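Heads up, the thing below is written out as structure tokens.
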Amino acid sequence: MVVARAAPPKRSALVELIYNLLDWYPSHYSAEERKFLRKLDCSILIFATLSYFVMHLDQSNVQNAYVSGMKEAVNLGGNDLNYLSVAYYTAYVVGQVPMLAIQTRPQFTRWFLPALCIIWAVLTFAQSRVTKPWHLYLIRALIGFTEAPTFTGTHYVLGSWYNSTELFKRAGTWFTAYSLGSMFSGYLQAAAYNNLDGVHGMEGWQWLFIIDGIFTLPIAFIGFALYPGLPTSPKPWFLTSEEYEMAQERLSDDHKQSGKLSFDVIKRTLSSPMIWIQIPMYICLVVGTYYTGLMTLWLKAAMLFCTIVLYVWNVPKGFKFFVFYLSGFSGIASPVMFSWINVTLRHDPEQRALVTSTMLTIGYAFYVWVPLLTFPTVEAPVYHKGYGSSIGLVAATWALSLLAFFVYGRKESQKRAMALDEASAGSEKGSLEEGESELEEKEGGAAVSPQVAISAA
């Protein structure tokens, strides 16, 4: 099936940017392709957004449960909240490459994340029954391992179905689930603590995890019904044969489909200068923005010590709220960064999977232990070292981003120059061959003429 499109209308750069942000189904696409995109959005984005929402609801619920009675009930203290993060992110790091290796196999992709959602639900229910710290450490590690392919795996799937102009807005919409999960957890905490504390002999923090598990189970079944996997996965029920063929052909010039991870892929990846910029860039991003998740601890401290101004930040409390909320804009960086990597490596899907999983693995390998030094829980709500280090790391993130754009831009310019040279050489060769052909015809005509003359005589 040939994907037919009209030429896009000519617009100024600013108008084109606005159209790209708002026009999800461009008018120059055929009616069939627009219908196909709507089906994709209703399948991929619904499940991906909901699953990412409950994943971050669970992560935020740990902090909210900690300040809502779990600390005292389970006998947590000191830096235990940090150590729970260590348990989660250590398993999250360990699970990146092996779990993504399964997630990128077309025959497994469609079922893998929905199946993991069921495991999340069971483990989340189990968190409500913990009585000892080691119970919680073990469950957090298991959840971290099973949640490992969610972020990079979803980015990989999005990058396999959508082209560069379609991808960024879908990735941004999907990533809003991160903020919604964190935000909704606060409301859930208040509702559970005020309305469910003591119901059936369970405390409010236990109900937080039970409600989270109840949310997660139906989302798993939505995934089994709607999640399409990859374009090379078996045809999902809601796509026609023509649309399934369109899915594989519409990006054939822009993307390549996944092959096997081999030593050649690793060698190709390590020899690219981009990965040596992208990895430290992501390390700086995740470690430098760690403080954005600490607002809960500051709020609890503010309630207990409402007359004390944090000496590191000698400003009114209202301004602290403003700065914490403003720091939420740092969440924009991650979907943009990974979408950009999906676009720049669209011609090499194996490298795309390896780079994204390696970035997340090494980034969170630092995220596991650096906050123990910079943001120890025992220093809450004042972090002398933490905010200072964050300033340097965030500045380094932007500096490395500029370097990455420069290196990529120069590489693309070199590719375009080579393509122009090849086209020019091909044109010259074609002209030369055409001239030689004309010359041979003339010489052949001259050679035949005497014979024709003799025959005629």
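Residues in the structure tokens are numbered from 1 in each chain, the chains being A, B, ... in the order shown, and ligands are numbered from 1 in the order shown.
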
For segment 98-100 of chain A, please output as a PDB file with C-alpha atoms, in the first residue's frame all residues within 9 Å (counting only C-alpha atoms; exclusion window: fewer than 4 positions along the same chain).
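What follows is the written file out.pdb:
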```pdb
ATOM      1  CA  VAL A  94      19.889  -3.800  36.767  1.00  0.00           C
ATOM      2  CA  THR A 104      12.045  -4.688  21.787  1.00  0.00           C
ATOM      3  CA  ARG A 105      11.257  -8.182  20.440  1.00  0.00           C
ATOM      4  CA  PHE A 145      13.047  -4.309  38.359  1.00  0.00           C
ATOM      5  CA  THR A 146       9.626  -4.857  36.770  1.00  0.00           C
ATOM      6  CA  ALA A 148      12.577  -0.910  34.325  1.00  0.00           C
ATOM      7  CA  PRO A 149      11.378  -1.112  30.677  1.00  0.00           C
ATOM      8  CA  THR A 150       8.446   1.303  31.077  1.00  0.00           C
ATOM      9  CA  THR A 152      12.688   3.505  27.550  1.00  0.00           C
ATOM     10  CA  GLY A 153      10.367   0.810  26.189  1.00  0.00           C
ATOM     11  CA  ALA A 353      17.422   0.883  22.028  1.00  0.00           C
ATOM     12  CA  LEU A 354      20.973   0.460  23.316  1.00  0.00           C
ATOM     13  CA  SER A 357      18.717   1.929  27.919  1.00  0.00           C
TER      14      SER A 357
END
```

task: Can you work out which one of A:His56, A:His135, A:Lys267, A:Arg110 has the shortest atom-to-atom distance to Val157 of chain A, counting only C-alpha atoms?
output: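 Going through A:His56, A:His135, A:Lys267, A:Arg110 one by one, the smallest distance to Val157 of chain A is for A:Arg110.
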
query: Which residue, A:Leu76, A:Asn342, A:Tyr137, A:Lys39, has the smallest gap to Leu167 of chain A when you use only C-alpha atoms?
result: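 Counting only C-alpha atoms, the residue closest to Leu167 of chain A is A:Asn342.
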
message: Let me make sure I understand: among A:His28, A:Phe108, A:Leu372, A:Ala65, which one has the smallest atom-to-atom distance to Gly186 of chain A if we use only C-alpha atoms?
response: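 So, comparing all the options, the nearest one is A:Ala65.
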
task: Calculate how many Å separate atom CA of Leu138 of chain A from atom CA of Ile219 of chain A, rounding to one decimal.
output: 24.2 Å

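Using only C-alpha atoms, the shortest contact distance between Leu373 of chain A and any of A:Ser128, A:Gln103, A:Gln206, A:Asn82 is found at A:Asn82.
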
field: 8 Å contact set for Ser43 of chain A, only C-alpha atoms, chain neighbours under 3 positions out, as number ranges by chain
entry: A: 39-40, 46-47, 226-228

Kindly save the residues from that selection, with all heavy atoms included, as a CSV table (one decimal), in the first residue's frame.
```
chain,number,residue,atom,x,y,z
A,39,LYS,N,-6.3,6.0,15.4
A,39,LYS,CA,-6.4,4.7,16.0
A,39,LYS,C,-5.1,4.5,16.9
A,39,LYS,O,-5.2,3.9,18.0
A,39,LYS,CB,-6.5,3.6,15.0
A,39,LYS,CG,-7.9,3.5,14.4
A,39,LYS,CD,-7.9,2.3,13.4
A,39,LYS,CE,-9.3,2.1,12.8
A,39,LYS,NZ,-9.4,0.9,12.0
A,40,LEU,N,-4.0,4.9,16.4
A,40,LEU,CA,-2.7,4.7,17.1
A,40,LEU,C,-2.8,5.5,18.4
A,40,LEU,O,-2.4,5.0,19.5
A,40,LEU,CB,-1.5,5.2,16.3
A,40,LEU,CG,-0.9,4.3,15.3
A,40,LEU,CD1,0.4,4.9,14.7
A,40,LEU,CD2,-0.6,2.9,15.9
A,46,ILE,N,-3.3,5.9,25.2
A,46,ILE,CA,-4.2,5.6,26.3
A,46,ILE,C,-3.5,4.6,27.3
A,46,ILE,O,-3.4,4.9,28.5
A,46,ILE,CB,-5.5,5.0,25.9
A,46,ILE,CG1,-6.4,6.1,25.3
A,46,ILE,CG2,-6.2,4.3,27.0
A,46,ILE,CD1,-7.7,5.6,24.7
A,47,PHE,N,-3.0,3.5,26.8
A,47,PHE,CA,-2.3,2.6,27.7
A,47,PHE,C,-1.0,3.1,28.3
A,47,PHE,O,-0.7,3.0,29.5
A,47,PHE,CB,-2.0,1.2,27.0
A,47,PHE,CG,-1.2,0.3,27.8
A,47,PHE,CD1,-1.7,-0.3,29.0
A,47,PHE,CD2,0.1,0.0,27.5
A,47,PHE,CE1,-0.9,-1.1,29.8
A,47,PHE,CE2,0.9,-0.8,28.3
A,47,PHE,CZ,0.4,-1.4,29.4
A,226,LEU,N,-5.6,-3.1,23.9
A,226,LEU,CA,-5.3,-2.0,23.0
A,226,LEU,C,-3.8,-1.9,22.5
A,226,LEU,O,-3.6,-1.3,21.5
A,226,LEU,CB,-5.8,-0.7,23.6
A,226,LEU,CG,-7.3,-0.5,23.8
A,226,LEU,CD1,-7.5,0.8,24.5
A,226,LEU,CD2,-8.1,-0.7,22.5
A,227,TYR,N,-2.9,-2.3,23.4
A,227,TYR,CA,-1.5,-2.0,23.1
A,227,TYR,C,-1.0,-2.7,21.8
A,227,TYR,O,-1.1,-3.9,21.8
A,227,TYR,CB,-0.6,-2.4,24.3
A,227,TYR,CG,0.7,-1.7,24.3
A,227,TYR,CD1,0.8,-0.3,24.2
A,227,TYR,CD2,1.9,-2.4,24.5
A,227,TYR,CE1,2.0,0.3,24.3
A,227,TYR,CE2,3.1,-1.8,24.6
A,227,TYR,CZ,3.2,-0.4,24.5
A,227,TYR,OH,4.4,0.2,24.6
A,228,PRO,N,-0.5,-2.0,20.8
A,228,PRO,CA,-0.2,-2.7,19.5
A,228,PRO,C,1.2,-3.2,19.4
A,228,PRO,O,1.5,-3.9,18.4
A,228,PRO,CB,-0.4,-1.5,18.5
A,228,PRO,CG,0.0,-0.3,19.3
A,228,PRO,CD,-0.4,-0.5,20.7
```

message: I need the alpha helix (DSSP H) residues of segment 37-126 of chain A per DSSP on the backbone, written as number ranges by chain.
response: A: 37-40, 46-65, 71-73, 80-103, 106-126

All residues 12 Å or closer to segment 207-214 of chain A, only C-alpha atoms, same chain fewer than 5 positions away omitted, as a PyMOL selection string: chain A and resi 51+53-66+68-70+117-130+181+184-202+219-220

Just write the chosen residues, N, CA and C atoms, as a compact mmCIF listing (two decimals), in the first residue's frame.
```txt
# COMPACT_ATOMS: atom_id res chain seq x y z
N SER A 51 -0.48 3.65 32.24
CA SER A 51 0.51 2.82 32.94
C SER A 51 1.61 3.67 33.56
N PHE A 53 1.18 6.71 34.53
CA PHE A 53 0.52 7.41 35.63
C PHE A 53 0.56 6.57 36.91
N VAL A 54 0.16 5.28 36.82
CA VAL A 54 0.13 4.46 38.04
C VAL A 54 1.55 4.14 38.51
N MET A 55 2.51 4.09 37.60
CA MET A 55 3.89 3.87 38.00
C MET A 55 4.37 5.01 38.89
N HIS A 56 4.10 6.24 38.49
CA HIS A 56 4.55 7.38 39.30
C HIS A 56 3.62 7.66 40.47
N LEU A 57 2.40 7.21 40.39
CA LEU A 57 1.53 7.27 41.56
C LEU A 57 2.12 6.40 42.67
N ASP A 58 2.58 5.22 42.30
CA ASP A 58 3.20 4.32 43.28
C ASP A 58 4.47 4.95 43.86
N GLN A 59 5.32 5.52 43.02
CA GLN A 59 6.56 6.12 43.52
C GLN A 59 6.28 7.27 44.48
N SER A 60 5.31 8.10 44.14
CA SER A 60 4.97 9.22 45.01
C SER A 60 4.28 8.74 46.28
N ASN A 61 3.53 7.66 46.19
CA ASN A 61 2.83 7.15 47.37
C ASN A 61 3.79 6.68 48.44
N VAL A 62 4.98 6.24 48.06
CA VAL A 62 5.95 5.81 49.07
C VAL A 62 6.34 7.00 49.95
N GLN A 63 6.64 8.13 49.34
CA GLN A 63 6.96 9.32 50.12
C GLN A 63 5.76 9.80 50.92
N ASN A 64 4.58 9.80 50.29
CA ASN A 64 3.38 10.26 51.01
C ASN A 64 3.01 9.32 52.16
N ALA A 65 3.19 8.02 51.94
CA ALA A 65 2.92 7.07 53.01
C ALA A 65 3.93 7.24 54.15
N TYR A 66 5.16 7.57 53.79
CA TYR A 66 6.23 7.77 54.78
C TYR A 66 5.85 8.87 55.77
N SER A 68 2.79 9.84 56.35
CA SER A 68 1.41 9.67 56.81
C SER A 68 1.25 8.50 57.77
N GLY A 69 2.35 8.05 58.36
CA GLY A 69 2.26 7.01 59.37
C GLY A 69 3.07 5.77 59.11
N MET A 70 3.51 5.55 57.86
CA MET A 70 4.30 4.35 57.57
C MET A 70 5.63 4.37 58.30
N CYS A 117 2.21 -4.86 34.33
CA CYS A 117 1.25 -4.08 35.13
C CYS A 117 0.57 -4.95 36.18
N ILE A 118 0.27 -6.19 35.84
CA ILE A 118 -0.36 -7.09 36.81
C ILE A 118 0.61 -7.36 37.97
N ILE A 119 1.89 -7.54 37.64
CA ILE A 119 2.89 -7.76 38.69
C ILE A 119 3.01 -6.53 39.58
N TRP A 120 2.98 -5.32 38.96
CA TRP A 120 3.02 -4.09 39.77
C TRP A 120 1.86 -4.07 40.76
N ALA A 121 0.66 -4.42 40.28
CA ALA A 121 -0.54 -4.37 41.13
C ALA A 121 -0.38 -5.30 42.33
N VAL A 122 0.10 -6.52 42.09
CA VAL A 122 0.27 -7.49 43.17
C VAL A 122 1.28 -6.98 44.19
N LEU A 123 2.40 -6.46 43.71
CA LEU A 123 3.44 -5.96 44.61
C LEU A 123 2.97 -4.70 45.36
N THR A 124 2.15 -3.88 44.70
CA THR A 124 1.63 -2.69 45.36
C THR A 124 0.69 -3.06 46.49
N PHE A 125 -0.17 -4.06 46.25
CA PHE A 125 -1.02 -4.56 47.33
C PHE A 125 -0.15 -5.06 48.48
N ALA A 126 0.95 -5.74 48.15
CA ALA A 126 1.81 -6.30 49.20
C ALA A 126 2.44 -5.20 50.06
N GLN A 127 2.69 -4.03 49.47
CA GLN A 127 3.28 -2.94 50.25
C GLN A 127 2.38 -2.50 51.40
N SER A 128 1.08 -2.70 51.26
CA SER A 128 0.16 -2.28 52.32
C SER A 128 0.23 -3.18 53.55
N ARG A 129 0.89 -4.33 53.41
CA ARG A 129 0.93 -5.30 54.52
C ARG A 129 2.31 -5.43 55.15
N VAL A 130 3.25 -4.58 54.79
CA VAL A 130 4.60 -4.71 55.34
C VAL A 130 4.60 -4.37 56.83
N GLY A 181 0.62 11.78 38.01
CA GLY A 181 0.74 10.75 39.03
C GLY A 181 1.26 11.32 40.34
N PHE A 184 -1.57 13.70 41.74
CA PHE A 184 -2.75 13.00 42.22
C PHE A 184 -2.46 12.25 43.50
N SER A 185 -1.21 11.82 43.68
CA SER A 185 -0.86 11.10 44.89
C SER A 185 -1.09 11.94 46.14
N GLY A 186 -0.85 13.25 46.04
CA GLY A 186 -1.08 14.13 47.19
C GLY A 186 -2.55 14.18 47.57
N TYR A 187 -3.44 14.28 46.56
CA TYR A 187 -4.87 14.28 46.83
C TYR A 187 -5.30 12.92 47.40
N LEU A 188 -4.73 11.87 46.85
CA LEU A 188 -5.07 10.52 47.32
C LEU A 188 -4.64 10.34 48.77
N GLN A 189 -3.45 10.87 49.09
CA GLN A 189 -2.95 10.79 50.46
C GLN A 189 -3.91 11.47 51.42
N ALA A 190 -4.35 12.69 51.06
CA ALA A 190 -5.25 13.43 51.95
C ALA A 190 -6.58 12.70 52.11
N ALA A 191 -7.12 12.17 50.98
CA ALA A 191 -8.41 11.48 51.05
C ALA A 191 -8.31 10.20 51.87
N ALA A 192 -7.26 9.42 51.65
CA ALA A 192 -7.11 8.17 52.37
C ALA A 192 -6.87 8.42 53.85
N TYR A 193 -6.07 9.42 54.17
CA TYR A 193 -5.74 9.70 55.57
C TYR A 193 -6.96 10.23 56.33
N ASN A 194 -7.77 11.05 55.66
CA ASN A 194 -8.92 11.65 56.33
C ASN A 194 -10.15 10.75 56.37
N ASN A 195 -10.33 9.91 55.33
CA ASN A 195 -11.57 9.15 55.20
C ASN A 195 -11.43 7.65 55.44
N LEU A 196 -10.24 7.11 55.27
CA LEU A 196 -10.08 5.65 55.35
C LEU A 196 -9.21 5.21 56.52
N ASP A 197 -8.58 6.14 57.21
CA ASP A 197 -7.71 5.78 58.33
C ASP A 197 -8.54 5.05 59.40
N GLY A 198 -8.16 3.80 59.68
CA GLY A 198 -8.87 3.00 60.68
C GLY A 198 -9.94 2.09 60.12
N VAL A 199 -10.31 2.27 58.83
CA VAL A 199 -11.33 1.41 58.22
C VAL A 199 -10.78 -0.01 58.07
N HIS A 200 -11.55 -1.00 58.54
CA HIS A 200 -11.14 -2.41 58.50
C HIS A 200 -9.80 -2.63 59.19
N GLY A 201 -9.54 -1.80 60.17
CA GLY A 201 -8.32 -1.97 60.97
C GLY A 201 -7.04 -1.57 60.28
N MET A 202 -7.14 -0.86 59.16
CA MET A 202 -5.93 -0.45 58.43
C MET A 202 -5.77 1.06 58.48
N ILE A 219 -5.89 -1.20 34.22
CA ILE A 219 -5.02 -0.66 33.17
C ILE A 219 -4.27 -1.79 32.47
N ALA A 220 -3.92 -2.82 33.21
CA ALA A 220 -3.27 -3.98 32.58
C ALA A 220 -4.17 -4.60 31.53
```

Selection near Ile279 of chain A, 7 Å with only C-alpha atoms, sequence-local residues under 3 positions removed, as a list in words: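 These residues fall inside the cut-off: Ile275, Trp276, Tyr282, Ile283, Met359 and Gly363 of chain A.
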
message: Could you check the closest approach to Asp80 of chain A for each of A:Arg34, A:His155, A:Lys132, A:Arg416 and tell me which residue wins, using only C-alpha atoms?
response: A:Lys132
